[in-house]
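Asker: This is run_38.txt, which holds compact mmCIF, C-alpha atoms:
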```txt
# COMPACT_ATOMS: atom_id res chain seq x y z
CA MET B 1 -9.67 -8.35 -33.06
CA ALA B 2 -7.33 -10.09 -35.53
CA THR B 3 -6.46 -12.73 -32.90
CA ILE B 4 -10.14 -13.43 -32.24
CA LYS B 5 -10.78 -13.54 -36.00
CA ASN B 6 -7.97 -16.08 -36.47
CA PHE B 7 -9.17 -18.25 -33.60
CA PHE B 8 -12.62 -18.64 -35.15
CA ALA B 9 -11.08 -19.91 -38.40
CA THR B 10 -9.23 -22.71 -36.59
CA ARG B 11 -10.24 -26.27 -35.79
CA TRP B 12 -10.73 -25.31 -32.14
CA GLY B 13 -12.81 -22.33 -33.17
CA ILE B 14 -15.39 -24.46 -34.94
CA VAL B 15 -15.26 -27.14 -32.23
CA SER B 16 -16.11 -24.48 -29.65
CA ALA B 17 -19.06 -23.29 -31.77
CA GLY B 18 -20.34 -26.87 -32.00
CA VAL B 19 -19.87 -27.42 -28.27
CA PHE B 20 -21.79 -24.19 -27.57
CA VAL B 21 -24.71 -25.43 -29.71
CA GLY B 22 -24.66 -28.89 -28.09
CA VAL B 23 -24.45 -27.65 -24.51
CA PHE B 24 -27.09 -24.96 -24.83
CA ALA B 25 -29.48 -27.11 -26.88
CA ALA B 26 -29.56 -29.53 -23.93
CA VAL B 27 -29.93 -26.62 -21.50
CA LEU B 28 -32.79 -25.06 -23.49
CA GLN B 29 -34.56 -28.43 -23.39
CA LYS B 30 -34.08 -28.55 -19.63
CA LEU B 31 -35.50 -25.03 -19.39
CA GLY B 32 -38.64 -25.89 -21.33
CA ASN B 33 -38.03 -26.53 -25.04
CA PRO B 34 -39.50 -29.81 -26.37
CA GLY B 35 -37.63 -33.14 -26.16
CA ASN B 36 -34.45 -33.37 -28.26
CA MET B 37 -35.54 -30.02 -29.69
CA GLY B 38 -33.47 -27.59 -27.65
CA ILE B 39 -32.51 -26.25 -31.05
CA CYS B 40 -34.08 -27.25 -34.37
CA VAL B 41 -34.20 -24.77 -37.21
CA ALA B 42 -36.88 -26.62 -39.19
CA CYS B 43 -39.17 -27.28 -36.18
CA MET B 44 -38.75 -23.75 -34.89
CA GLU B 45 -39.52 -22.21 -38.28
CA ARG B 46 -42.53 -24.53 -38.48
CA ASP B 47 -43.70 -23.21 -35.10
CA ILE B 48 -43.25 -19.65 -36.37
CA ALA B 49 -45.31 -20.48 -39.49
CA GLY B 50 -48.04 -21.76 -37.15
CA ALA B 51 -47.88 -18.72 -34.88
CA LEU B 52 -48.38 -16.51 -37.94
CA GLY B 53 -51.40 -18.57 -38.96
CA LEU B 54 -49.74 -20.01 -42.08
CA HIS B 55 -50.90 -23.36 -40.75
CA ARG B 56 -53.41 -24.11 -38.02
CA ALA B 57 -51.90 -27.21 -36.40
CA ALA B 58 -52.77 -26.12 -32.87
CA LEU B 59 -49.96 -28.04 -31.17
CA VAL B 60 -47.07 -26.40 -33.03
CA GLN B 61 -47.54 -22.64 -32.91
CA TYR B 62 -45.03 -20.31 -31.26
CA ILE B 63 -42.70 -17.54 -32.37
CA ARG B 64 -39.39 -19.17 -31.46
CA PRO B 65 -36.96 -16.49 -30.27
CA GLU B 66 -33.99 -18.70 -31.16
CA ILE B 67 -34.60 -18.26 -34.92
CA ILE B 68 -34.84 -14.48 -34.55
CA ALA B 69 -31.63 -14.44 -32.53
CA PHE B 70 -29.73 -16.71 -34.95
CA VAL B 71 -30.19 -14.10 -37.69
CA LEU B 72 -29.48 -11.15 -35.40
CA GLY B 73 -26.41 -12.82 -33.83
CA ALA B 74 -24.98 -13.46 -37.30
CA PHE B 75 -25.89 -9.89 -38.30
CA ILE B 76 -23.99 -8.46 -35.31
CA ALA B 77 -20.95 -10.66 -36.02
CA ALA B 78 -20.96 -9.75 -39.71
CA ARG B 79 -21.21 -6.02 -38.93
CA LEU B 80 -18.50 -6.23 -36.26
CA PHE B 81 -16.04 -8.12 -38.48
CA ARG B 82 -16.88 -6.18 -41.66
CA GLU B 83 -18.41 -9.16 -43.45
CA PHE B 84 -21.88 -7.70 -43.94
CA LYS B 85 -22.23 -7.77 -47.72
CA PRO B 86 -25.72 -7.31 -49.19
CA ARG B 87 -26.00 -9.56 -52.23
CA GLY B 88 -28.52 -11.64 -54.16
CA GLY B 89 -29.93 -12.60 -57.53
CA SER B 90 -28.68 -16.19 -57.80
CA SER B 91 -31.88 -17.98 -58.96
CA PRO B 92 -34.07 -16.69 -56.09
CA ILE B 93 -37.24 -18.52 -57.15
CA LEU B 94 -35.39 -21.84 -57.32
CA ARG B 95 -33.90 -21.20 -53.90
CA PHE B 96 -37.40 -20.50 -52.58
CA PHE B 97 -38.59 -23.92 -53.75
CA LEU B 98 -35.43 -25.65 -52.53
CA GLY B 99 -36.24 -24.20 -49.11
CA PHE B 100 -39.88 -25.23 -49.52
CA PHE B 101 -39.04 -28.86 -50.31
CA ALA B 102 -36.22 -28.99 -47.75
CA MET B 103 -38.87 -28.22 -45.13
CA ILE B 104 -41.27 -30.83 -46.52
CA GLY B 105 -38.50 -33.44 -46.15
CA ALA B 106 -37.48 -32.21 -42.70
CA LEU B 107 -41.07 -32.46 -41.43
CA VAL B 108 -41.39 -36.01 -42.76
CA PHE B 109 -38.30 -36.94 -40.71
CA LEU B 110 -39.27 -34.47 -37.96
CA GLY B 111 -36.19 -32.31 -37.65
CA CYS B 112 -33.41 -30.42 -39.37
CA PRO B 113 -29.84 -31.77 -39.51
CA TRP B 114 -29.09 -30.15 -36.13
CA ARG B 115 -32.06 -31.89 -34.56
CA ALA B 116 -30.95 -35.17 -36.17
CA LEU B 117 -27.66 -34.76 -34.29
CA LEU B 118 -29.44 -33.74 -31.09
CA ARG B 119 -31.86 -36.67 -31.36
CA LEU B 120 -28.86 -38.98 -31.71
CA ALA B 121 -27.23 -37.34 -28.68
CA GLY B 122 -30.47 -37.88 -26.76
CA GLY B 123 -30.48 -41.61 -27.56
CA ASP B 124 -33.08 -41.61 -30.37
CA GLY B 125 -31.98 -44.41 -32.72
CA ASN B 126 -34.30 -43.21 -35.50
CA ALA B 127 -31.89 -40.30 -35.97
CA ILE B 128 -29.39 -42.76 -37.47
CA LEU B 129 -31.79 -43.33 -40.38
CA GLY B 130 -32.23 -39.58 -40.75
CA LEU B 131 -28.48 -38.95 -40.77
CA ALA B 132 -28.00 -41.78 -43.28
CA GLY B 133 -30.65 -40.20 -45.51
CA LEU B 134 -29.06 -36.77 -45.07
CA THR B 135 -25.69 -38.18 -46.15
CA ALA B 136 -27.24 -39.94 -49.16
CA GLY B 137 -28.99 -36.73 -50.26
CA ILE B 138 -25.80 -34.70 -49.89
CA TRP B 139 -23.85 -37.36 -51.81
CA VAL B 140 -26.25 -37.02 -54.75
CA GLY B 141 -25.91 -33.23 -54.47
CA VAL B 142 -22.11 -33.55 -54.62
CA LEU B 143 -22.41 -35.60 -57.83
CA PHE B 144 -24.43 -32.76 -59.37
CA LEU B 145 -21.99 -30.13 -58.09
CA LYS B 146 -19.01 -32.03 -59.51
CA SER B 147 -20.68 -32.31 -62.89
CA GLY B 148 -21.26 -28.56 -63.19
CA TYR B 149 -24.50 -27.77 -61.33
CA THR B 150 -24.86 -24.10 -60.40
CA LEU B 151 -27.60 -21.64 -59.48
CA GLY B 152 -25.56 -18.87 -61.10
CA ARG B 153 -23.76 -15.91 -59.61
CA SER B 154 -25.13 -13.51 -57.04
CA THR B 155 -24.34 -9.83 -57.44
CA LYS B 156 -23.78 -7.05 -54.94
CA ALA B 157 -27.02 -5.45 -53.84
CA MET B 158 -28.05 -2.11 -52.35
CA SER B 159 -27.36 -1.85 -48.64
CA PHE B 160 -31.01 -1.92 -47.52
CA SER B 161 -31.70 -5.28 -49.14
CA GLY B 162 -29.27 -6.83 -46.67
CA TRP B 163 -31.05 -5.16 -43.75
CA VAL B 164 -34.56 -6.37 -44.63
CA PHE B 165 -34.35 -9.89 -43.19
CA PRO B 166 -32.76 -8.82 -39.88
CA ILE B 167 -35.42 -6.08 -39.60
CA ALA B 168 -38.14 -8.68 -40.29
CA MET B 169 -36.70 -10.69 -37.39
CA VAL B 170 -37.03 -7.66 -35.11
CA ALA B 171 -40.65 -7.35 -36.26
CA LEU B 172 -41.17 -11.03 -35.34
CA LEU B 173 -39.71 -10.30 -31.91
CA VAL B 174 -42.25 -7.50 -31.44
CA LEU B 175 -45.04 -9.90 -32.46
CA LEU B 176 -43.72 -12.45 -29.95
CA LEU B 177 -43.75 -9.91 -27.14
CA VAL B 178 -47.05 -8.21 -28.02
CA ALA B 179 -48.90 -11.27 -29.41
CA PRO B 180 -51.76 -9.20 -30.84
CA GLN B 181 -55.26 -10.71 -30.73
CA PHE B 182 -57.30 -8.31 -32.83
CA GLY B 183 -58.96 -11.01 -34.95
CA ARG B 184 -62.50 -12.08 -33.98
CA THR B 185 -64.39 -15.35 -34.42
CA PRO B 186 -68.07 -15.10 -35.56
CA GLU B 187 -68.94 -15.33 -31.84
CA GLY B 188 -66.73 -12.32 -31.10
CA THR B 189 -63.97 -14.20 -29.30
CA PRO B 190 -60.48 -12.73 -29.87
CA THR B 191 -58.37 -14.90 -32.17
CA GLY B 192 -55.11 -14.28 -33.98
CA PRO B 193 -53.42 -12.98 -35.99
CA ILE B 194 -50.79 -14.49 -33.68
CA PHE B 195 -51.47 -18.02 -32.44
CA PHE B 196 -49.62 -19.65 -29.56
CA SER B 197 -50.17 -23.30 -28.64
CA SER B 198 -51.71 -23.92 -25.23
CA LYS B 199 -50.58 -27.56 -25.24
CA GLY B 200 -48.18 -29.80 -27.15
CA PRO B 201 -44.65 -28.95 -28.37
CA GLY B 202 -45.59 -25.38 -29.29
CA SER B 203 -46.48 -24.64 -25.68
CA GLN B 204 -43.12 -25.92 -24.43
CA HIS B 205 -40.45 -23.27 -24.43
CA ALA B 206 -37.59 -21.89 -22.41
CA PRO B 207 -37.85 -18.31 -21.04
CA ILE B 208 -37.72 -15.81 -23.92
CA LEU B 209 -34.68 -13.91 -22.63
CA ILE B 210 -32.59 -17.07 -22.26
CA SER B 211 -33.64 -18.34 -25.70
CA LEU B 212 -32.67 -14.97 -27.18
CA LEU B 213 -29.27 -14.90 -25.48
CA VAL B 214 -28.42 -18.46 -26.51
CA GLY B 215 -29.63 -17.76 -30.05
CA LEU B 216 -27.49 -14.62 -30.29
CA GLY B 217 -24.46 -16.63 -29.12
CA VAL B 218 -25.13 -19.39 -31.65
CA GLY B 219 -25.69 -16.88 -34.47
CA PHE B 220 -22.51 -15.00 -33.62
CA LEU B 221 -20.30 -18.09 -33.33
CA ALA B 222 -21.80 -19.84 -36.35
CA GLN B 223 -21.31 -16.78 -38.55
CA ARG B 224 -17.67 -16.57 -37.52
CA THR B 225 -16.90 -20.28 -37.90
CA ARG B 226 -19.24 -21.04 -40.89
CA LEU B 227 -20.77 -23.95 -38.90
CA CYS B 228 -22.87 -26.01 -41.33
CA THR B 229 -24.04 -29.59 -40.96
CA MET B 230 -24.62 -30.13 -44.67
CA GLY B 231 -21.25 -28.54 -45.48
CA ALA B 232 -19.53 -30.82 -42.97
CA ILE B 233 -20.71 -33.98 -44.73
CA ARG B 234 -20.34 -32.46 -48.20
CA ASP B 235 -16.71 -31.38 -47.65
CA VAL B 236 -15.72 -34.85 -46.47
CA ILE B 237 -17.26 -36.42 -49.61
CA LEU B 238 -16.12 -33.70 -52.00
CA ILE B 239 -12.62 -32.70 -50.89
CA ARG B 240 -11.84 -34.99 -47.93
CA ASN B 241 -11.76 -31.93 -45.66
CA THR B 242 -12.86 -32.36 -42.04
CA TYR B 243 -12.82 -28.73 -40.85
CA LEU B 244 -16.63 -28.37 -40.69
CA LEU B 245 -17.03 -31.94 -39.44
CA ASN B 246 -15.32 -30.89 -36.22
CA GLY B 247 -18.26 -28.59 -35.54
CA ILE B 248 -20.91 -31.27 -35.81
CA LEU B 249 -18.85 -33.70 -33.74
CA GLY B 250 -18.68 -30.94 -31.12
CA ILE B 251 -22.50 -30.68 -31.19
CA VAL B 252 -23.07 -34.43 -30.74
CA VAL B 253 -20.45 -35.01 -28.04
CA ALA B 254 -21.40 -31.91 -26.02
CA ALA B 255 -25.14 -32.59 -26.24
CA PHE B 256 -24.62 -36.27 -25.33
CA ILE B 257 -22.62 -35.37 -22.20
CA MET B 258 -25.07 -32.63 -21.19
CA ASN B 259 -28.03 -34.96 -21.74
CA LEU B 260 -26.40 -37.51 -19.41
CA VAL B 261 -25.68 -34.81 -16.81
CA LEU B 262 -29.22 -33.41 -17.02
CA GLY B 263 -30.90 -36.85 -17.06
CA GLN B 264 -32.30 -36.36 -20.57
CA PHE B 265 -30.65 -39.34 -22.27
CA LYS B 266 -32.96 -42.20 -23.20
CA ALA B 267 -31.69 -44.81 -25.65
CA GLY B 268 -34.07 -46.60 -28.01
CA PHE B 269 -36.23 -46.34 -31.09
CA THR B 270 -39.75 -46.26 -29.69
CA GLY B 271 -41.36 -43.66 -27.46
CA GLN B 272 -38.88 -40.96 -28.43
CA PRO B 273 -40.10 -37.34 -28.21
CA ILE B 274 -41.52 -35.88 -31.44
CA ALA B 275 -40.29 -38.77 -33.56
CA HIS B 276 -41.63 -41.79 -35.45
CA THR B 277 -40.10 -45.18 -36.21
CA ASP B 278 -40.83 -45.50 -39.93
CA THR B 279 -37.39 -46.50 -41.27
CA LEU B 280 -38.03 -45.72 -44.93
CA TRP B 281 -39.53 -42.26 -44.45
CA ASN B 282 -37.06 -41.19 -41.77
CA PHE B 283 -34.42 -41.92 -44.40
CA MET B 284 -36.25 -40.47 -47.42
CA GLY B 285 -37.36 -37.28 -45.65
CA MET B 286 -33.82 -36.37 -44.73
CA ALA B 287 -32.51 -37.52 -48.13
CA LEU B 288 -34.74 -34.90 -49.77
CA SER B 289 -33.61 -32.26 -47.27
CA GLY B 290 -29.94 -33.18 -47.70
CA LEU B 291 -30.17 -32.91 -51.47
CA ALA B 292 -32.02 -29.59 -51.29
CA PHE B 293 -29.49 -28.18 -48.79
CA ALA B 294 -26.57 -29.33 -50.98
CA LEU B 295 -28.12 -27.74 -54.08
CA ALA B 296 -28.74 -24.49 -52.16
CA GLY B 297 -25.29 -24.45 -50.52
CA GLY B 298 -26.15 -24.68 -46.83
CA CYS B 299 -28.14 -26.34 -44.06
CA PRO B 300 -31.11 -24.39 -42.65
CA GLY B 301 -29.01 -22.90 -39.84
CA ARG B 302 -26.33 -21.76 -42.26
CA GLN B 303 -29.01 -20.16 -44.47
CA LEU B 304 -30.17 -18.08 -41.48
CA PHE B 305 -26.60 -17.00 -40.67
CA LEU B 306 -25.99 -16.05 -44.31
CA SER B 307 -29.25 -14.06 -44.21
CA GLY B 308 -27.79 -12.13 -41.28
CA GLU B 309 -24.70 -11.35 -43.41
CA GLY B 310 -26.92 -9.73 -46.04
CA ASP B 311 -27.33 -12.72 -48.38
CA GLY B 312 -30.77 -12.19 -49.90
CA ASP B 313 -30.73 -15.59 -51.63
CA ALA B 314 -30.30 -17.35 -48.28
CA ALA B 315 -33.13 -15.23 -46.84
CA ILE B 316 -35.37 -16.39 -49.69
CA PHE B 317 -34.44 -20.03 -48.94
CA ALA B 318 -35.38 -19.47 -45.28
CA THR B 319 -38.67 -17.85 -46.33
CA GLY B 320 -39.31 -20.86 -48.59
CA MET B 321 -38.84 -23.10 -45.57
CA ILE B 322 -41.38 -21.14 -43.50
CA VAL B 323 -43.93 -21.22 -46.33
CA GLY B 324 -43.15 -24.92 -46.86
CA ALA B 325 -43.98 -25.57 -43.21
CA GLY B 326 -47.39 -23.96 -43.72
CA PHE B 327 -48.09 -26.20 -46.72
CA SER B 328 -46.68 -29.24 -44.96
CA HIS B 329 -49.26 -29.07 -42.18
CA ASN B 330 -52.15 -27.74 -44.28
CA PHE B 331 -51.70 -30.51 -46.84
CA SER B 332 -51.19 -33.32 -44.27
CA MET B 333 -47.60 -33.92 -45.33
CA ALA B 334 -45.93 -33.58 -41.91
CA SER B 335 -45.33 -36.74 -39.89
CA PHE B 336 -46.91 -37.71 -36.57
CA ALA B 337 -45.55 -39.81 -33.71
CA THR B 338 -47.28 -42.75 -35.43
CA GLY B 339 -45.57 -42.28 -38.81
CA PRO B 340 -45.66 -40.15 -41.96
CA GLY B 341 -48.69 -38.00 -42.75
CA PRO B 342 -50.96 -39.33 -45.54
CA TYR B 343 -49.43 -37.10 -48.21
CA GLY B 344 -45.84 -37.00 -46.86
CA PRO B 345 -44.44 -39.76 -49.10
CA ILE B 346 -45.89 -38.32 -52.32
CA ALA B 347 -44.68 -34.83 -51.37
CA VAL B 348 -41.15 -36.17 -50.75
CA SER B 349 -41.27 -37.89 -54.14
CA ILE B 350 -42.29 -34.63 -55.85
CA GLY B 351 -39.53 -32.79 -54.00
CA LEU B 352 -36.92 -35.33 -55.10
CA ILE B 353 -38.07 -35.02 -58.73
CA PHE B 354 -37.80 -31.21 -58.44
CA CYS B 355 -34.26 -31.41 -57.06
CA ILE B 356 -33.13 -33.96 -59.64
CA VAL B 357 -34.54 -31.85 -62.48
CA LEU B 358 -32.61 -28.86 -61.09
CA GLY B 359 -29.47 -30.97 -60.76
CA PHE B 360 -29.59 -31.97 -64.41
CA THR B 361 -30.75 -28.68 -65.91
CA MET B 362 -28.99 -25.92 -63.96
CA ARG B 363 -25.62 -25.92 -65.66
CA GLU B 364 -23.41 -23.12 -66.83
CA LYS B 365 -19.82 -22.95 -67.98
CA ILE B 366 -18.18 -20.66 -65.44
CA ALA B 367 -14.38 -20.96 -65.52
CA MET U 1 1.09 -15.41 -67.17
CA ALA U 2 -0.89 -16.88 -64.27
CA ASP U 3 -4.06 -18.90 -64.84
CA LYS U 4 -7.15 -17.14 -63.51
CA ILE U 5 -10.54 -18.05 -62.06
CA ASP U 6 -13.29 -15.53 -61.36
CA ALA U 7 -15.34 -17.13 -58.56
CA ARG U 8 -17.06 -13.94 -57.44
CA GLY U 9 -20.77 -14.36 -56.73
CA LEU U 10 -20.62 -18.15 -56.76
CA SER U 11 -22.09 -19.82 -53.71
CA CYS U 12 -20.32 -22.38 -51.58
CA PRO U 13 -18.79 -24.84 -52.60
CA GLN U 14 -18.44 -23.90 -56.28
CA PRO U 15 -15.33 -21.71 -55.81
CA VAL U 16 -13.69 -24.67 -54.07
CA ILE U 17 -14.73 -27.12 -56.81
CA LEU U 18 -13.38 -24.85 -59.56
CA THR U 19 -10.11 -24.36 -57.67
CA ASN U 20 -9.74 -28.06 -56.91
CA ARG U 21 -10.28 -29.00 -60.55
CA LYS U 22 -7.82 -26.35 -61.75
CA ILE U 23 -4.98 -27.14 -59.35
CA LYS U 24 -5.27 -30.84 -60.15
CA GLU U 25 -5.16 -30.02 -63.86
CA MET U 26 -2.17 -27.65 -63.45
CA GLY U 27 -0.12 -29.73 -61.01
CA LYS U 28 2.12 -26.71 -60.32
CA GLY U 29 2.45 -23.05 -61.31
CA VAL U 30 0.61 -19.87 -60.39
CA LEU U 31 -3.15 -19.54 -60.16
CA GLU U 32 -5.09 -16.35 -59.37
CA ILE U 33 -8.63 -16.62 -58.02
CA LEU U 34 -11.02 -13.74 -57.46
CA VAL U 35 -13.58 -14.21 -54.66
CA ASP U 36 -16.00 -11.84 -52.97
CA THR U 37 -16.68 -13.45 -49.58
CA ASP U 38 -14.51 -14.27 -46.60
CA THR U 39 -15.96 -17.78 -46.55
CA SER U 40 -14.71 -18.48 -50.09
CA ARG U 41 -11.33 -16.95 -49.19
CA GLU U 42 -11.01 -19.25 -46.16
CA ASN U 43 -12.28 -22.37 -47.94
CA ILE U 44 -9.99 -21.98 -50.96
CA SER U 45 -7.00 -21.18 -48.73
CA ARG U 46 -7.69 -24.30 -46.67
CA LEU U 47 -8.02 -26.49 -49.77
CA ALA U 48 -4.88 -25.07 -51.40
CA ARG U 49 -2.71 -25.54 -48.30
CA GLN U 50 -4.09 -29.06 -47.87
CA SER U 51 -2.97 -29.74 -51.47
CA GLY U 52 0.52 -28.30 -50.91
CA TRP U 53 0.05 -24.90 -52.58
CA GLN U 54 1.26 -21.60 -51.08
CA VAL U 55 -1.45 -18.99 -50.63
CA ASP U 56 -1.06 -15.23 -50.81
CA VAL U 57 -4.18 -13.11 -50.20
CA LYS U 58 -4.52 -9.63 -51.70
CA LYS U 59 -7.41 -7.40 -50.62
CA MET U 60 -8.91 -5.55 -53.58
CA ASP U 61 -11.57 -3.00 -52.61
CA VAL U 62 -14.40 -5.35 -51.53
CA ASP U 63 -13.08 -8.52 -53.20
CA TYR U 64 -10.04 -10.73 -52.65
CA CYS U 65 -7.46 -12.00 -55.09
CA LEU U 66 -5.91 -15.29 -53.93
CA VAL U 67 -2.58 -16.12 -55.52
CA LEU U 68 -1.82 -19.84 -55.32
CA LYS U 69 1.72 -21.02 -56.05
CA LYS U 70 3.39 -24.42 -56.28
CA ASP U 71 6.90 -25.09 -57.66
```
Mind turning the file's structure into structure tokens?
Answerer:
Amino acid sequence: MATIKNFFATRWGIVSAGVFVGVFAAVLQKLGNPGNMGICVACMERDIAGALGLHRAALVQYIRPEIIAFVLGAFIAARLFREFKPRGGSSPILRFFLGFFAMIGALVFLGCPWRALLRLAGGDGNAILGLAGLTAGIWVGVLFLKSGYTLGRSTKAMSFSGWVFPIAMVALLVLLLVAPQFGRTPEGTPTGPIFFSSKGPGSQHAPILISLLVGLGVGFLAQRTRLCTMGAIRDVILIRNTYLLNGILGIVVAAFIMNLVLGQFKAGFTGQPIAHTDTLWNFMGMALSGLAFALAGGCPGRQLFLSGEGDGDAAIFATGMIVGAGFSHNFSMASFATGPGPYGPIAVSIGLIFCIVLGFTMREKIA
Amino acid sequence: MADKIDARGLSCPQPVILTNRKIKEMGKGVLEILVDTDTSRENISRLARQSGWQVDVKKMDVDYCLVLKKD
């Protein structure tokens, strides 16, 4: 066990986790997931929000098993390696809104940092703008961190509080498998409370069992190696450390090769799957997300893996993202293939103001 | 008497920032850092070794005490 534990903490450990994500993201796409969306934490949480009726965008509603499995895979790894530590209380309401606005930004770009990497590996040039925005947002976050920004300390929590989020994921799995339809329209037709898309990206998915197995593998490996896209860029800027960067390079290279092998690579800016070509808002959407992730201490994937370890603050961030997805579609803030939604730009601006206010006001002398 | 940092409960990357600032300020000597997660333990150890400090990890109940040394 000690040998395995040591391997995961090495450069090759995190490279292998990244390669696993890259390879299986391409495979999940081949098996049915939407284009360049074999894995995307933001898009998949958005689909879950839709399936639960938190928004009614009919094309993006499905309970994505990958998200469930990310949390449960991390939970299993944390239990197995004695790292399951229920904790919380570090500015939960602020973390909720950081998650909320991170999702608003991600849905203006159309993807989380992982999908930005996967879009790049699939040939989508717009991802370059997203990754540039992500880096800019993280850079601003690093400036705040260096000048004393903090959300305060978390404290140890009762055991059950660490179990709640993994249990909620099991409940989601039951809803996925049962898909209850006990709601009724005025005409008496069954509808909801679970909604699954019959066309569009929400209807495109790999077989549930395969999605679950891949998700468990990703959750397990990412918990062990601390894989985090935001952290990778942040650590290079902050302390010139490239440990986490190896993971995201693994994702891009592996997904690129697999996309070539599977015939999924298509270079260009226009006509890319679930993407738009608006330079400014591809950049600004991800800049907001990057800043929010930096201020919250992890990319959306990392927040799910921390939730599996018993981190209640990370679970609240993830919940904020799911609620944010509901608002994003209900308030016409999410982008379309033609460009940003009518209220996307103003929502990104509000999100940036929120993050900057936090950056300047959340300070505490700690050492 | 070693310098001390209590980084327990702080989320990533604050324990690393505090350590980085302190070891730059000290230059050499002995620094003790308390952390409560394996991630912080790994990140601080990586940073310290990268900066030429020796790292000794002591397990204390559920927390860790990292002793950083540089002559």
Asker: For CA of Val71 in chain B and CA of Met169 in chain B, quote the distance in Å rounded to one decimal.
Answerer: 7.4 Å
Asker: Could you work out which residues of chain B fall inside 10 Å of chain U? Count all atoms listed in the file, and format the result as a ChimeraX atom specification.
Answerer: /B:9,82-85,87-90,142,145-156,223-226,231,234-235,238-241,243,294-298,313,366-367
Asker: Rounded to one decimal, what separation in Å do you get between CA of Gly326 in chain B and CA of Phe144 in chain B?
Answerer: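 Interatomic distance, CA of Gly326 in chain B to CA of Phe144 in chain B: 29.1 Å.
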Asker: Skipping near chain neighbours, those fewer than 2 positions away, what residues fall within 10 Å of Ser51 in chain U using only C-alpha atoms, listed as a PyMOL selection string?
Answerer: chain U and resi 20+23-24+27+45-49+53-54+70
Asker: Enter the distance from CA of Phe293 in chain B to CA of Ala102 in chain B, in Å, rounded to one decimal.
Answerer: 6.9 Å
Asker: Give as a VMD selection string every residue, naming chains and numbers as the document does, that has an atom within 8 Å of (-33.2, -32.2, -34.6), counting only C-alpha atoms.
Answerer: chain B and resid 36 to 37 39 to 41 43 110 to 119
Asker: Could you give me the centre and size, in Å to one decimal, of an axis-aligned box around all listed atoms of range 33-51 of chain U with 6 Å added on every side, as AutoDock Vina command-line options?
Answerer:
```
--center_x -9.7 --center_y -20.8 --center_z -52.1 --size_x 26.0 --size_y 29.9 --size_z 23.9
```
Asker: Enumerate, as a PDB file with C-alpha atoms, keeping the file's coordinate frame, the protein, DNA and RNA residues whose atoms approach (-11.2, -15.4, -55.3) to within 6 Å, taking into account all atoms listed in the file and the coordinate frame of the file.
Answerer:
```pdb
ATOM      1  CA  ALA U   7     -15.340 -17.130 -58.560  1.00  0.00           C
ATOM      2  CA  ILE U  33      -8.630 -16.620 -58.020  1.00  0.00           C
ATOM      3  CA  LEU U  34     -11.020 -13.740 -57.460  1.00  0.00           C
ATOM      4  CA  VAL U  35     -13.580 -14.210 -54.660  1.00  0.00           C
ATOM      5  CA  TYR U  64     -10.040 -10.730 -52.650  1.00  0.00           C
ATOM      6  CA  CYS U  65      -7.460 -12.000 -55.090  1.00  0.00           C
ATOM      7  CA  LEU U  66      -5.910 -15.290 -53.930  1.00  0.00           C
TER       8      LEU U  66
END
```
Asker: Atoms are missing here; could range 10-20 of chain U be completed with N, CA and C atoms and written as a PDB file, in the coordinates of the input?
Answerer:
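Done, and the output landed in part28.pdb:
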```
ATOM      1  N   LEU U  10     -20.251 -16.723 -56.766  1.00  0.00           N
ATOM      2  CA  LEU U  10     -20.620 -18.150 -56.760  1.00  0.00           C
ATOM      3  C   LEU U  10     -20.804 -18.607 -55.319  1.00  0.00           C
ATOM      4  N   SER U  11     -21.867 -19.401 -55.093  1.00  0.00           N
ATOM      5  CA  SER U  11     -22.090 -19.820 -53.710  1.00  0.00           C
ATOM      6  C   SER U  11     -21.286 -21.074 -53.397  1.00  0.00           C
ATOM      7  N   CYS U  12     -21.058 -21.264 -52.131  1.00  0.00           N
ATOM      8  CA  CYS U  12     -20.320 -22.380 -51.580  1.00  0.00           C
ATOM      9  C   CYS U  12     -20.948 -23.688 -52.087  1.00  0.00           C
ATOM     10  N   PRO U  13     -20.248 -24.660 -52.549  1.00  0.00           N
ATOM     11  CA  PRO U  13     -18.790 -24.840 -52.600  1.00  0.00           C
ATOM     12  C   PRO U  13     -18.204 -24.649 -54.000  1.00  0.00           C
ATOM     13  N   GLN U  14     -18.919 -23.955 -54.887  1.00  0.00           N
ATOM     14  CA  GLN U  14     -18.440 -23.900 -56.280  1.00  0.00           C
ATOM     15  C   GLN U  14     -17.048 -23.296 -56.434  1.00  0.00           C
ATOM     16  N   PRO U  15     -16.701 -22.220 -55.688  1.00  0.00           N
ATOM     17  CA  PRO U  15     -15.330 -21.710 -55.810  1.00  0.00           C
ATOM     18  C   PRO U  15     -14.287 -22.778 -55.469  1.00  0.00           C
ATOM     19  N   VAL U  16     -14.612 -23.603 -54.477  1.00  0.00           N
ATOM     20  CA  VAL U  16     -13.690 -24.670 -54.070  1.00  0.00           C
ATOM     21  C   VAL U  16     -13.588 -25.746 -55.159  1.00  0.00           C
ATOM     22  N   ILE U  17     -14.730 -26.093 -55.755  1.00  0.00           N
ATOM     23  CA  ILE U  17     -14.730 -27.120 -56.810  1.00  0.00           C
ATOM     24  C   ILE U  17     -13.904 -26.645 -58.010  1.00  0.00           C
ATOM     25  N   LEU U  18     -14.122 -25.387 -58.411  1.00  0.00           N
ATOM     26  CA  LEU U  18     -13.380 -24.850 -59.560  1.00  0.00           C
ATOM     27  C   LEU U  18     -11.882 -24.842 -59.274  1.00  0.00           C
ATOM     28  N   THR U  19     -11.527 -24.414 -58.041  1.00  0.00           N
ATOM     29  CA  THR U  19     -10.110 -24.360 -57.670  1.00  0.00           C
ATOM     30  C   THR U  19      -9.505 -25.757 -57.639  1.00  0.00           C
ATOM     31  N   ASN U  20     -10.229 -26.677 -57.041  1.00  0.00           N
ATOM     32  CA  ASN U  20      -9.740 -28.060 -56.910  1.00  0.00           C
ATOM     33  C   ASN U  20      -9.463 -28.661 -58.288  1.00  0.00           C
TER      34      ASN U  20
END
```
